[in-house]
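What follows is the content of my_file_20.txt, which has compact mmCIF, C-alpha atoms:
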```txt
# COMPACT_ATOMS: atom_id res chain seq x y z
CA MET G 1 -6.75 86.89 68.23
CA ARG G 2 -5.59 90.34 69.28
CA HIS G 3 -3.22 90.82 66.33
CA SER G 4 -5.52 89.30 63.70
CA THR G 5 -7.05 92.49 62.25
CA GLY G 6 -4.01 93.40 60.17
CA TYR G 7 -3.64 89.82 58.97
CA ARG G 8 -7.31 89.62 57.95
CA LEU G 9 -7.11 92.88 56.00
CA ALA G 10 -3.96 91.72 54.20
CA ALA G 11 -5.51 88.32 53.42
CA ARG G 12 -8.69 89.86 52.02
CA ALA G 13 -6.65 92.21 49.85
CA ILE G 14 -4.57 89.39 48.38
CA HIS G 15 -7.67 87.28 47.79
CA ARG G 16 -9.53 90.04 45.93
CA PHE G 17 -7.04 92.35 44.20
CA PRO G 18 -5.74 91.50 40.71
CA LEU G 19 -2.45 89.61 40.90
CA PRO G 20 0.27 89.29 38.25
CA PRO G 21 0.65 85.93 36.50
CA GLY G 22 2.52 83.42 38.59
CA ALA G 23 2.25 80.88 41.38
CA LEU G 24 0.48 83.21 43.83
CA ARG G 25 -2.32 84.05 41.38
CA THR G 26 -2.74 80.36 40.49
CA SER G 27 -2.88 79.46 44.17
CA VAL G 28 -5.45 82.11 45.07
CA LYS G 29 -7.58 81.11 42.11
CA GLY G 30 -7.54 77.47 43.24
CA ARG G 31 -8.35 78.42 46.83
CA ARG G 32 -11.32 80.65 45.92
CA GLY G 33 -13.49 77.73 44.94
CA ALA G 34 -12.03 75.22 47.38
CA ALA G 35 -14.76 75.42 50.03
CA VAL G 36 -17.43 74.39 47.52
CA ARG G 37 -15.31 71.48 46.25
CA TRP G 38 -14.56 70.27 49.80
CA ALA G 39 -18.28 70.31 50.58
CA HIS G 40 -19.07 68.38 47.40
CA TRP G 41 -16.54 65.70 48.33
CA ALA G 42 -17.72 65.44 51.93
CA ASP G 43 -21.32 64.95 50.83
CA GLY G 44 -20.48 61.46 49.60
CA GLY G 45 -16.90 60.82 50.68
CA ARG G 46 -16.76 61.64 54.39
CA SER G 47 -17.15 58.52 56.48
CA SER G 48 -18.51 58.51 60.02
CA GLY G 49 -15.17 57.57 61.57
CA PRO G 50 -12.13 59.61 62.65
CA LEU G 51 -10.38 61.81 60.10
CA ILE G 52 -7.04 63.62 60.06
CA TRP G 53 -6.66 66.76 57.96
CA VAL G 54 -3.04 67.13 56.81
CA HIS G 55 -1.95 70.46 55.38
CA ALA G 56 1.19 69.96 53.31
CA ALA G 57 1.65 73.20 51.41
CA SER G 58 3.91 72.03 48.59
CA VAL G 59 5.75 68.98 47.27
CA GLY G 60 8.44 69.02 49.95
CA GLU G 61 5.88 69.20 52.74
CA GLY G 62 3.96 66.33 51.14
CA LEU G 63 7.09 64.17 51.15
CA THR G 64 7.63 65.11 54.81
CA ALA G 65 4.11 63.92 55.60
CA SER G 66 4.35 60.70 53.59
CA PRO G 67 6.16 58.41 56.08
CA VAL G 68 4.04 59.80 58.92
CA ILE G 69 0.74 59.06 57.17
CA ARG G 70 1.97 55.63 56.07
CA ARG G 71 2.69 54.65 59.68
CA LEU G 72 -0.44 56.31 60.99
CA LEU G 73 -2.68 54.31 58.65
CA ALA G 74 -0.92 51.12 59.70
CA ARG G 75 -1.66 51.97 63.35
CA ARG G 76 -5.23 53.19 62.70
CA PRO G 77 -6.53 51.27 59.63
CA GLY G 78 -9.99 52.88 59.71
CA LEU G 79 -8.63 56.42 59.74
CA GLN G 80 -9.56 58.76 56.88
CA VAL G 81 -6.93 61.20 55.61
CA VAL G 82 -7.51 64.37 53.61
CA HIS G 83 -4.77 66.63 52.27
CA SER G 84 -4.81 70.36 51.61
CA TYR G 85 -2.08 72.33 49.85
CA SER G 86 -1.47 75.90 48.72
CA SER G 87 1.21 75.53 46.06
CA PRO G 88 0.30 74.86 42.41
CA SER G 89 3.26 72.46 42.25
CA ALA G 90 1.50 70.18 44.75
CA ALA G 91 -1.64 70.24 42.61
CA ARG G 92 0.37 68.85 39.67
CA TRP G 93 2.37 66.28 41.64
CA PRO G 94 1.49 62.59 42.08
CA ALA G 95 -0.15 61.80 45.41
CA PRO G 96 2.61 61.75 48.08
CA PHE G 97 0.56 59.54 50.42
CA ALA G 98 -2.75 57.66 50.59
CA ARG G 99 -5.65 60.08 51.09
CA SER G 100 -9.39 60.16 50.54
CA TYR G 101 -9.37 63.66 49.10
CA ALA G 102 -6.92 66.42 48.23
CA ASP G 103 -7.50 70.02 47.18
CA TYR G 104 -6.37 73.57 47.75
CA VAL G 105 -6.71 74.86 51.31
CA PRO G 106 -9.69 77.23 51.49
CA LEU G 107 -9.19 80.98 51.64
CA ASP G 108 -8.06 81.83 55.17
CA GLU G 109 -11.17 83.83 55.98
CA PRO G 110 -13.81 82.90 58.60
CA ARG G 111 -16.63 82.08 56.18
CA HIS G 112 -14.53 79.79 53.98
CA VAL G 113 -12.74 78.06 56.84
CA GLU G 114 -15.93 77.48 58.83
CA ALA G 115 -17.64 75.98 55.78
CA VAL G 116 -14.89 73.40 55.30
CA LEU G 117 -14.59 72.55 58.99
CA ASP G 118 -18.36 71.99 59.10
CA VAL G 119 -18.25 69.28 56.46
CA VAL G 120 -14.82 67.73 57.04
CA ALA G 121 -15.04 67.67 60.87
CA PRO G 122 -11.47 66.48 61.46
CA SER G 123 -10.36 64.71 64.61
CA LEU G 124 -6.93 66.30 64.21
CA LEU G 125 -5.47 69.12 62.08
CA ALA G 126 -1.79 68.53 61.27
CA PHE G 127 0.57 70.92 59.49
CA ALA G 128 3.67 69.48 57.82
CA ARG G 129 6.69 71.76 58.30
CA GLY G 130 4.61 74.42 60.09
CA ASP G 131 2.88 76.41 57.36
CA LEU G 132 0.17 77.50 59.81
CA TRP G 133 -2.88 79.37 58.53
CA PRO G 134 -4.07 81.65 61.37
CA GLU G 135 -7.81 81.61 60.67
CA LEU G 136 -7.85 77.86 60.12
CA VAL G 137 -5.97 77.24 63.38
CA ALA G 138 -8.20 79.61 65.36
CA ARG G 139 -11.47 78.17 64.06
CA ALA G 140 -10.31 74.58 64.53
CA THR G 141 -9.28 75.10 68.15
CA GLN G 142 -12.58 76.85 68.88
CA ARG G 143 -14.13 73.47 68.01
CA ASN G 144 -11.67 71.64 70.31
CA ILE G 145 -9.86 70.09 67.33
CA PRO G 146 -6.21 69.48 68.30
CA VAL G 147 -3.71 71.30 66.04
CA VAL G 148 -0.14 70.04 65.59
CA ALA G 149 2.90 70.79 63.45
CA PHE G 150 5.40 68.04 62.62
CA GLY G 151 8.76 68.17 60.91
CA ALA G 152 8.53 71.81 61.95
CA SER G 153 11.19 74.04 60.47
CA VAL G 154 11.83 77.77 60.93
CA ARG G 155 14.58 79.39 58.88
CA PRO G 156 17.07 81.56 60.82
CA GLY G 157 15.99 84.75 59.01
CA SER G 158 12.27 83.98 58.89
CA LEU G 159 9.82 86.85 59.19
CA ARG G 160 8.06 84.77 61.83
CA LEU G 161 10.91 85.65 64.19
CA ARG G 162 10.43 89.41 63.72
CA LEU G 163 7.81 91.87 64.88
CA PRO G 164 4.95 92.27 64.11
CA THR G 165 4.66 88.77 62.61
CA ARG G 166 6.13 87.22 65.75
CA SER G 167 3.29 88.68 67.84
CA LEU G 168 0.71 87.08 65.55
CA TYR G 169 2.49 83.73 65.73
CA ALA G 170 2.87 83.92 69.51
CA GLU G 171 -0.92 84.10 69.80
CA LEU G 172 -1.32 81.39 67.19
CA LEU G 173 1.06 79.02 68.97
CA GLU G 174 -0.93 79.35 72.19
CA ARG G 175 -3.60 77.30 70.39
CA VAL G 176 -1.26 74.56 69.10
CA SER G 177 -1.23 71.29 71.04
CA TRP G 178 2.15 69.96 69.92
CA ILE G 179 5.15 70.79 67.72
CA GLY G 180 7.63 68.19 66.52
CA ALA G 181 10.73 70.15 65.48
CA ALA G 182 13.08 68.91 62.76
CA THR G 183 16.30 70.05 64.51
CA PRO G 184 17.33 71.45 67.90
CA GLU G 185 17.75 74.84 66.23
CA ASP G 186 14.21 74.66 64.86
CA ALA G 187 12.93 73.81 68.35
CA ALA G 188 14.72 76.84 69.78
CA ARG G 189 13.28 79.11 67.09
CA CYS G 190 9.76 77.78 67.74
CA ARG G 191 10.19 78.78 71.36
CA ARG G 192 11.45 82.22 70.29
CA MET G 193 8.26 82.60 68.30
CA GLY G 194 6.25 82.03 71.46
CA ALA G 195 5.69 78.27 71.69
CA ALA G 196 5.62 76.97 75.26
CA ASP G 197 8.45 74.59 76.20
CA SER G 198 5.88 71.95 77.12
CA ILE G 199 4.53 71.58 73.56
CA VAL G 200 7.87 71.48 71.67
CA ASP G 201 9.77 68.21 71.11
CA MET G 202 12.82 67.68 68.93
CA THR G 203 11.79 64.67 66.85
CA GLY G 204 14.01 64.93 63.78
CA ASP G 205 12.82 65.35 60.22
CA PRO G 206 10.34 62.77 58.82
CA ARG G 207 11.50 63.71 55.31
CA HIS G 208 14.66 61.74 56.07
CA ASP G 209 12.57 58.64 56.72
CA GLU G 210 10.96 59.13 53.34
CA VAL G 211 14.22 59.21 51.38
CA ILE G 212 15.64 56.25 53.29
CA GLU G 213 12.54 54.07 52.88
CA ARG G 214 11.59 54.97 49.34
CA ILE G 215 11.85 52.08 46.88
CA PRO G 216 13.56 53.35 43.71
CA ASP G 217 11.64 53.06 40.46
CA ILE G 218 14.25 52.92 37.72
CA ALA G 219 11.91 51.53 35.03
CA PRO G 220 11.02 54.95 33.53
CA LEU G 221 14.76 55.72 33.36
CA HIS G 222 15.70 52.48 31.61
CA SER G 223 17.30 54.08 28.55
CA LEU G 224 19.07 56.67 30.72
CA LEU G 225 20.46 53.85 32.86
CA ALA G 226 22.19 52.44 29.80
CA TRP G 227 23.46 55.91 28.93
CA ALA G 228 24.83 56.56 32.44
CA SER G 229 26.49 53.15 32.78
CA ASP G 230 29.22 54.19 30.35
CA ARG G 231 30.26 57.43 32.09
CA PRO G 232 30.46 59.26 35.44
CA VAL G 233 27.44 61.57 35.46
CA LEU G 234 26.80 64.79 37.36
CA VAL G 235 23.07 64.93 38.11
CA ALA G 236 22.10 68.61 38.40
CA GLY G 237 18.68 68.54 40.04
CA SER G 238 15.93 71.10 40.65
CA LEU G 239 17.63 73.71 38.48
CA GLU G 240 16.27 77.23 38.77
CA PRO G 241 16.87 79.89 36.09
CA SER G 242 19.60 81.35 38.32
CA ASP G 243 21.53 78.05 38.11
CA GLU G 244 21.30 77.42 34.39
CA SER G 245 24.06 79.55 32.87
CA ILE G 246 26.48 78.50 35.63
CA LEU G 247 25.80 74.79 35.08
CA ALA G 248 25.99 75.14 31.30
CA ALA G 249 29.31 77.03 31.41
CA ALA G 250 30.89 74.54 33.82
CA ALA G 251 29.56 71.58 31.85
CA GLY G 252 30.99 72.99 28.64
CA GLN G 253 34.42 73.12 30.25
CA VAL G 254 34.33 69.74 32.05
CA LEU G 255 32.87 67.77 29.15
CA GLY G 256 35.47 69.33 26.88
CA ASP G 257 38.31 68.29 29.21
CA VAL G 258 37.03 64.85 30.31
CA PRO G 259 35.99 62.79 27.26
CA ASN G 260 33.86 60.22 29.10
CA ALA G 261 32.02 62.59 31.51
CA GLY G 262 28.28 63.19 31.29
CA VAL G 263 25.78 65.62 32.79
CA MET G 264 22.07 65.32 33.41
CA LEU G 265 20.19 68.61 33.80
CA VAL G 266 16.83 68.33 35.60
CA PRO G 267 14.93 71.65 35.76
CA HIS G 268 12.70 72.32 38.75
CA ASP G 269 9.94 73.35 36.34
CA PRO G 270 10.25 71.38 33.09
CA SER G 271 7.82 73.62 31.21
CA HIS G 272 8.21 74.22 27.49
CA ALA G 273 9.65 77.67 28.19
CA SER G 274 12.13 76.31 30.75
CA LEU G 275 13.33 73.56 28.45
CA HIS G 276 13.74 76.01 25.58
CA ARG G 277 15.73 78.40 27.77
CA LEU G 278 17.95 75.63 29.14
CA ARG G 279 18.59 74.32 25.64
CA ARG G 280 19.65 77.82 24.61
CA ARG G 281 22.04 78.03 27.59
CA THR G 282 23.72 74.77 26.65
CA THR G 283 24.04 75.84 23.01
CA ASP G 284 25.75 79.05 24.16
CA ALA G 285 28.21 76.86 26.09
CA ASN G 286 28.97 74.82 22.93
CA LEU G 287 27.17 71.78 24.29
CA ASP G 288 25.13 69.44 22.13
CA ALA G 289 22.27 68.81 24.56
CA ALA G 290 19.43 66.35 24.03
CA VAL G 291 16.01 66.81 25.67
CA TRP G 292 14.86 63.39 26.93
CA THR G 293 11.50 62.16 28.21
CA PRO G 294 10.42 58.66 29.34
CA GLY G 295 9.80 56.24 26.51
CA GLU G 296 12.56 57.63 24.31
CA GLY G 297 15.68 55.67 23.45
CA MET G 298 19.18 56.14 24.81
CA PRO G 299 20.46 59.68 24.16
CA ARG G 300 23.51 60.13 21.98
CA SER G 301 24.64 63.35 23.61
CA ARG G 302 26.73 63.49 26.77
CA CYS G 303 24.50 66.34 28.00
CA VAL G 304 20.90 65.33 28.69
CA ILE G 305 18.03 67.62 29.73
CA VAL G 306 15.24 65.71 31.48
CA GLY G 307 11.92 67.07 30.23
CA ALA G 308 9.46 65.37 32.61
CA ARG G 309 8.37 65.77 36.23
CA GLY G 310 8.74 63.32 39.08
CA LEU G 311 11.97 61.63 37.96
CA LEU G 312 14.61 63.51 39.92
CA PHE G 313 14.89 61.36 43.03
CA ASP G 314 15.54 58.19 41.05
CA SER G 315 17.78 60.07 38.62
CA TYR G 316 20.28 60.52 41.44
CA ALA G 317 20.72 56.73 41.40
CA LEU G 318 22.39 57.13 38.00
CA GLY G 319 24.87 59.75 39.19
CA ALA G 320 28.44 59.81 40.46
CA LEU G 321 28.02 63.28 41.95
CA ALA G 322 25.24 65.84 42.31
CA TYR G 323 24.45 69.51 42.10
CA VAL G 324 21.29 70.78 43.81
CA GLY G 325 19.68 73.92 42.42
CA GLY G 326 18.21 76.99 44.05
CA GLY G 327 21.32 78.01 45.98
CA PHE G 328 21.80 81.28 44.09
CA ARG G 329 18.63 82.72 45.59
CA ARG G 330 17.88 83.28 49.25
CA ASN G 331 15.84 80.48 50.87
CA ARG G 332 15.39 78.64 47.55
CA LEU G 333 17.84 75.76 47.87
CA HIS G 334 16.08 72.48 47.07
CA ALA G 335 16.36 69.08 48.77
CA VAL G 336 19.96 68.01 49.31
CA ILE G 337 19.07 64.87 51.24
CA GLU G 338 17.87 63.09 48.08
CA PRO G 339 21.35 62.82 46.52
CA ALA G 340 22.82 62.34 49.99
CA ALA G 341 20.61 59.27 50.44
CA TYR G 342 22.34 57.80 47.38
CA ALA G 343 25.76 58.63 48.91
CA LEU G 344 26.59 61.22 46.28
CA PRO G 345 28.91 64.13 47.04
CA VAL G 346 26.91 67.34 46.66
CA LEU G 347 27.58 70.81 45.25
CA VAL G 348 25.32 73.77 46.10
CA GLY G 349 25.18 77.50 45.44
CA PRO G 350 26.35 80.14 47.94
CA GLN G 351 22.90 80.66 49.56
CA TRP G 352 22.85 77.41 51.53
CA ALA G 353 23.12 78.33 55.20
CA ALA G 354 19.35 78.64 55.82
CA SER G 355 18.87 74.96 54.96
CA ALA G 356 19.40 72.70 57.97
CA ASP G 357 20.12 69.72 55.73
CA ALA G 358 22.66 71.64 53.66
CA SER G 359 24.32 72.96 56.81
CA ALA G 360 24.64 69.40 58.11
CA LEU G 361 26.16 68.23 54.82
CA VAL G 362 28.66 71.08 54.63
CA THR G 363 29.65 70.63 58.29
CA ALA G 364 30.14 66.88 57.79
CA GLY G 365 32.20 67.41 54.64
CA GLY G 366 29.61 65.80 52.35
CA ALA G 367 28.86 68.96 50.37
CA ILE G 368 30.83 71.88 48.99
CA PRO G 369 29.22 75.32 48.51
CA LEU G 370 30.21 77.41 45.53
CA PRO G 371 31.39 80.99 45.94
CA ALA G 372 29.24 83.89 44.79
CA ARG G 373 32.11 85.17 42.63
CA GLU G 374 32.89 83.16 39.46
CA PRO G 375 30.96 80.10 40.66
CA GLN G 376 31.18 78.40 37.26
CA LEU G 377 34.97 78.19 37.59
CA ALA G 378 34.73 76.70 41.08
CA LEU G 379 32.07 74.25 39.93
CA ALA G 380 34.17 73.09 36.98
CA SER G 381 37.24 72.75 39.23
CA VAL G 382 35.57 70.64 41.94
CA TRP G 383 33.66 68.61 39.37
CA SER G 384 36.87 67.76 37.50
CA GLU G 385 38.69 66.98 40.75
CA TRP G 386 36.01 64.53 41.85
CA LEU G 387 36.05 62.85 38.45
CA ARG G 388 39.83 62.36 38.65
CA ASP G 389 39.69 60.89 42.18
CA PRO G 390 36.85 58.34 42.50
CA THR G 391 38.06 57.18 45.93
CA ARG G 392 37.84 60.67 47.43
CA ARG G 393 34.53 61.23 45.66
CA SER G 394 33.09 58.10 47.25
CA SER G 395 34.41 59.09 50.68
CA ILE G 396 32.71 62.47 50.46
CA GLY G 397 29.50 60.77 49.33
CA LEU G 398 29.55 58.51 52.40
CA LEU G 399 29.93 61.58 54.61
CA ALA G 400 26.84 63.00 52.93
CA ARG G 401 24.94 59.75 53.49
CA GLY G 402 25.83 59.84 57.17
CA THR G 403 23.77 63.00 57.69
CA VAL G 404 20.51 61.28 56.69
CA THR G 405 18.81 60.06 59.86
CA HIS G 406 15.92 57.71 60.65
CA GLY G 407 13.16 57.49 63.24
CA ALA G 408 11.39 60.87 63.23
CA ALA G 409 8.23 59.49 61.61
CA LYS G 410 7.70 56.87 64.33
CA VAL G 411 8.12 59.42 67.14
CA THR G 412 5.69 61.73 65.36
CA VAL G 413 3.04 59.04 64.90
CA ASP G 414 3.26 58.01 68.56
CA ARG G 415 2.37 61.57 69.54
CA LEU G 416 -0.40 61.97 66.94
CA VAL G 417 -2.08 58.75 68.05
CA SER G 418 -2.06 59.91 71.67
CA LEU G 419 -3.61 63.25 70.71
CA MET G 420 -6.32 61.58 68.65
CA GLY G 421 -7.26 59.30 71.55
```
I'd like the structure from this file rewritten - as structure tokens, please.
Amino acid sequence: MRHSTGYRLAARAIHRFPLPPGALRTSVKGRRGAAVRWAHWADGGRSSGPLIWVHAASVGEGLTASPVIRRLLARRPGLQVVHSYSSPSAARWPAPFARSYADYVPLDEPRHVEAVLDVVAPSLLAFARGDLWPELVARATQRNIPVVAFGASVRPGSLRLRLPTRSLYAELLERVSWIGAATPEDAARCRRMGAADSIVDMTGDPRHDEVIERIPDIAPLHSLLAWASDRPVLVAGSLEPSDESILAAAAGQVLGDVPNAGVMLVPHDPSHASLHRLRRRTTDANLDAAVWTPGEGMPRSRCVIVGARGLLFDSYALGALAYVGGGFRRNRLHAVIEPAAYALPVLVGPQWAASADASALVTAGGAIPLPAREPQLALASVWSEWLRDPTRRSSIGLLARGTVTHGAAKVTVDRLVSLMG
């Protein structure tokens, strides 16, 4: 690729220079040894039949891929599936779909990528959401391996739409066989990046199929179910540090004014440090919060902090309304379609416009964004209003539910099967 030199130099620098503690350093560390681990698996685990390599970078991408892989395996029972990721959160998460092997994606350098392609030999390379790795795409297409992106999403302010990154992606997209875009706006932005009209279809978002089809598992939440049955609960999910003081302050006011109200705080990262910090925030707001994990009895406090991973989706089933975290930082808003699937009215922070799902909810009237100025007061006001008017609250929740669509996964699988032959 003509514009690959700068990318390769930047990639090599990131892979070799010391990095500060955090997700990037953990990811690079996991990717350094990935080629050896992929080869070790393939030595005994790679069958002689067709194989699809799915790259789903993080948890959200994995959930996007889940209904697609489920349908694909039903159509092609002998198909092998392997899953690569780049986010440490995906490494810690339960398997989002059936796969023969999962590991970090190898370092995006020729030697590492070639080594993995040699042993995995995929029939198709599929990227969920469109987190394309240039070297991996280039080396795969040199071997005549079709490359696709499904549930593809490009944020309005993405660097991929600006020079010089756009030039790199324009060359990259010349090698891609097909793109299934999540929304018409995403399809248009893919074309702006350089994708040919002939390879871009607007399929919808397979993640919606996942939330619609998922069978709730309330068993781990049994004691919380008893707790929530006595009160209208706000489920505040995927809380980031930037959300915590706002939620705590609003909860202190609402729970003080409404005797039977409850709040469930679910941090995005329920680490010991996060739980300690969130507990301190609630104490500062004069809240008696209880940290709860599965297996414990029914909490006595009206403010519960969930201290375990993987419970958020089903926690929304216990709620009367929802707050989704991440909206106080640019491009960090988490999944709003999960509470929408349960017909809950949704509150989000002021940085919501880059999320297609949040934009759909706000436009439909199923979500209300908070202002950047004094958001805790606005949150407490809307929260109290929805508690006082259950009929209006339910109507807004139904508007939210109406934005969750179905059918993208089937359209995607039809195209993948045709590309695989």
(request) Check the smallest atom-to-atom distance from each of G:Ser274, G:Thr283, G:Ser87, G:Thr165 to G:Tyr7 using all atoms listed in the file, then report the winner. (result)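 Of all the options, G:Thr165 lies closest to G:Tyr7.
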Distance table requested - stretch 133-218 of chain G against stretch 126-129 of chain G, cut-off 8 Å, all atoms listed in the file: one row per qualifying residue with the closest atom pair and its distance in Å to one decimal, ordered by chain and rising residue number, as CSV.
```
residue,atom,partner,partner_atom,distance
G:Val147,CA,G:Ala126,CA,5.8
G:Val148,CA,G:Ala126,CA,4.9
G:Ala149,CA,G:Phe127,CA,4.6
G:Phe150,CA,G:Ala128,CA,5.3
G:Gly151,CA,G:Arg129,CA,4.9
G:Ala152,CA,G:Arg129,CA,4.1
G:Ser153,CA,G:Arg129,CA,5.5
```
(message) Excluding G:Ala236 and its own-chain neighbours fewer than 4 positions away, which residues fall within 6 Å of it when counting only C-alpha atoms? Please give them as a ChimeraX atom specification.
(response) /G:264-266,322-324
(message) Need the shell around stretch 385-398 of chain G: protein/DNA/RNA residues with any atom at most 6 Å away, counting all atoms listed in the file. Skip same-chain ones fewer than 4 positions apart. Format as a PyMOL selection string?
(response) chain G and resi 343-345+366
(request) Just the residues within 6 Å of stretch 91-107 of chain G, please, counting only C-alpha atoms, with nothing from its chain fewer than 6 positions along; format it as a list in words. (result) Arg31, Ala34, Ala35, Gly62, Leu63, Ser66, Val81, Val82, His83, Ser84 and Tyr85 of chain G
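Residues with any atom within 9 Å of G:Cys190, counting all atoms listed in the file and excluding same-chain neighbours fewer than 4 positions away, are Ala152, Ser153, Val154, Leu161, Leu173, Ile179, Ala181, Glu185, Asp186, Gly194, Ala195, Ala196 and Val200 of chain G.
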10 Å contact set for G:Arg8, only C-alpha atoms, chain neighbours under 4 positions out, as a JSON list (two decimals) with C-alpha atoms, in the coordinates of the input:
```json
[["chain", "number", "residue", "atom", "x", "y", "z"],
["G", 3, "HIS", "CA", -3.22, 90.82, 66.33],
["G", 4, "SER", "CA", -5.52, 89.30, 63.70],
["G", 12, "ARG", "CA", -8.69, 89.86, 52.02],
["G", 13, "ALA", "CA", -6.65, 92.21, 49.85],
["G", 14, "ILE", "CA", -4.57, 89.39, 48.38],
["G", 108, "ASP", "CA", -8.06, 81.83, 55.17],
["G", 109, "GLU", "CA", -11.17, 83.83, 55.98],
["G", 110, "PRO", "CA", -13.81, 82.90, 58.60],
["G", 134, "PRO", "CA", -4.07, 81.65, 61.37],
["G", 135, "GLU", "CA", -7.81, 81.61, 60.67]]
```
For stretch 138-144 of chain G of the structure just presented, write all heavy atoms to a file, as a PDB file, in the first residue's frame.
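Result written to selection14.pdb:
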```pdb
ATOM      1  N   ALA G 138      -4.200  -6.521   4.119  1.00  0.00           N
ATOM      2  CA  ALA G 138      -3.351  -6.595   2.924  1.00  0.00           C
ATOM      3  C   ALA G 138      -2.830  -8.010   2.706  1.00  0.00           C
ATOM      4  O   ALA G 138      -2.874  -8.540   1.587  1.00  0.00           O
ATOM      5  CB  ALA G 138      -2.193  -5.608   3.058  1.00  0.00           C
ATOM      6  N   ARG G 139      -2.332  -8.635   3.763  1.00  0.00           N
ATOM      7  CA  ARG G 139      -1.753  -9.977   3.611  1.00  0.00           C
ATOM      8  C   ARG G 139      -2.824 -11.024   3.313  1.00  0.00           C
ATOM      9  O   ARG G 139      -2.574 -11.991   2.589  1.00  0.00           O
ATOM     10  CB  ARG G 139      -0.989 -10.349   4.879  1.00  0.00           C
ATOM     11  CG  ARG G 139       0.135  -9.386   5.227  1.00  0.00           C
ATOM     12  CD  ARG G 139       1.293  -9.475   4.268  1.00  0.00           C
ATOM     13  NE  ARG G 139       2.175  -8.308   4.365  1.00  0.00           N
ATOM     14  CZ  ARG G 139       3.372  -8.225   3.838  1.00  0.00           C
ATOM     15  NH1 ARG G 139       3.851  -9.258   3.165  1.00  0.00           N
ATOM     16  NH2 ARG G 139       4.095  -7.128   3.958  1.00  0.00           N
ATOM     17  N   ALA G 140      -4.032 -10.834   3.874  1.00  0.00           N
ATOM     18  CA  ALA G 140      -5.108 -11.788   3.588  1.00  0.00           C
ATOM     19  C   ALA G 140      -5.524 -11.710   2.121  1.00  0.00           C
ATOM     20  O   ALA G 140      -5.689 -12.742   1.448  1.00  0.00           O
ATOM     21  CB  ALA G 140      -6.297 -11.511   4.500  1.00  0.00           C
ATOM     22  N   THR G 141      -5.691 -10.500   1.614  1.00  0.00           N
ATOM     23  CA  THR G 141      -6.152 -10.369   0.227  1.00  0.00           C
ATOM     24  C   THR G 141      -5.078 -10.803  -0.769  1.00  0.00           C
ATOM     25  O   THR G 141      -5.404 -11.251  -1.872  1.00  0.00           O
ATOM     26  CB  THR G 141      -6.599  -8.924  -0.060  1.00  0.00           C
ATOM     27  OG1 THR G 141      -5.553  -8.014   0.296  1.00  0.00           O
ATOM     28  CG2 THR G 141      -7.846  -8.575   0.733  1.00  0.00           C
ATOM     29  N   GLN G 142      -3.807 -10.699  -0.382  1.00  0.00           N
ATOM     30  CA  GLN G 142      -2.752 -11.231  -1.245  1.00  0.00           C
ATOM     31  C   GLN G 142      -2.890 -12.736  -1.423  1.00  0.00           C
ATOM     32  O   GLN G 142      -2.444 -13.304  -2.421  1.00  0.00           O
ATOM     33  CB  GLN G 142      -1.379 -10.895  -0.668  1.00  0.00           C
ATOM     34  CG  GLN G 142      -0.982  -9.440  -0.838  1.00  0.00           C
ATOM     35  CD  GLN G 142       0.305  -9.102  -0.104  1.00  0.00           C
ATOM     36  OE1 GLN G 142       0.967  -9.983   0.470  1.00  0.00           O
ATOM     37  NE2 GLN G 142       0.680  -7.835  -0.114  1.00  0.00           N
ATOM     38  N   ARG G 143      -3.538 -13.387  -0.450  1.00  0.00           N
ATOM     39  CA  ARG G 143      -3.777 -14.834  -0.520  1.00  0.00           C
ATOM     40  C   ARG G 143      -5.167 -15.151  -1.082  1.00  0.00           C
ATOM     41  O   ARG G 143      -5.629 -16.282  -0.965  1.00  0.00           O
ATOM     42  CB  ARG G 143      -3.634 -15.436   0.887  1.00  0.00           C
ATOM     43  CG  ARG G 143      -2.253 -15.287   1.490  1.00  0.00           C
ATOM     44  CD  ARG G 143      -2.275 -15.597   2.989  1.00  0.00           C
ATOM     45  NE  ARG G 143      -0.946 -15.434   3.578  1.00  0.00           N
ATOM     46  CZ  ARG G 143      -0.239 -16.410   4.140  1.00  0.00           C
ATOM     47  NH1 ARG G 143      -0.746 -17.633   4.203  1.00  0.00           N
ATOM     48  NH2 ARG G 143       0.947 -16.176   4.649  1.00  0.00           N
ATOM     49  N   ASN G 144      -5.841 -14.143  -1.616  1.00  0.00           N
ATOM     50  CA  ASN G 144      -7.186 -14.305  -2.175  1.00  0.00           C
ATOM     51  C   ASN G 144      -8.211 -14.719  -1.123  1.00  0.00           C
ATOM     52  O   ASN G 144      -9.184 -15.428  -1.426  1.00  0.00           O
ATOM     53  CB  ASN G 144      -7.183 -15.302  -3.339  1.00  0.00           C
ATOM     54  CG  ASN G 144      -6.372 -14.808  -4.510  1.00  0.00           C
ATOM     55  OD1 ASN G 144      -6.444 -13.636  -4.867  1.00  0.00           O
ATOM     56  ND2 ASN G 144      -5.578 -15.698  -5.086  1.00  0.00           N
TER      57      ASN G 144
END
```
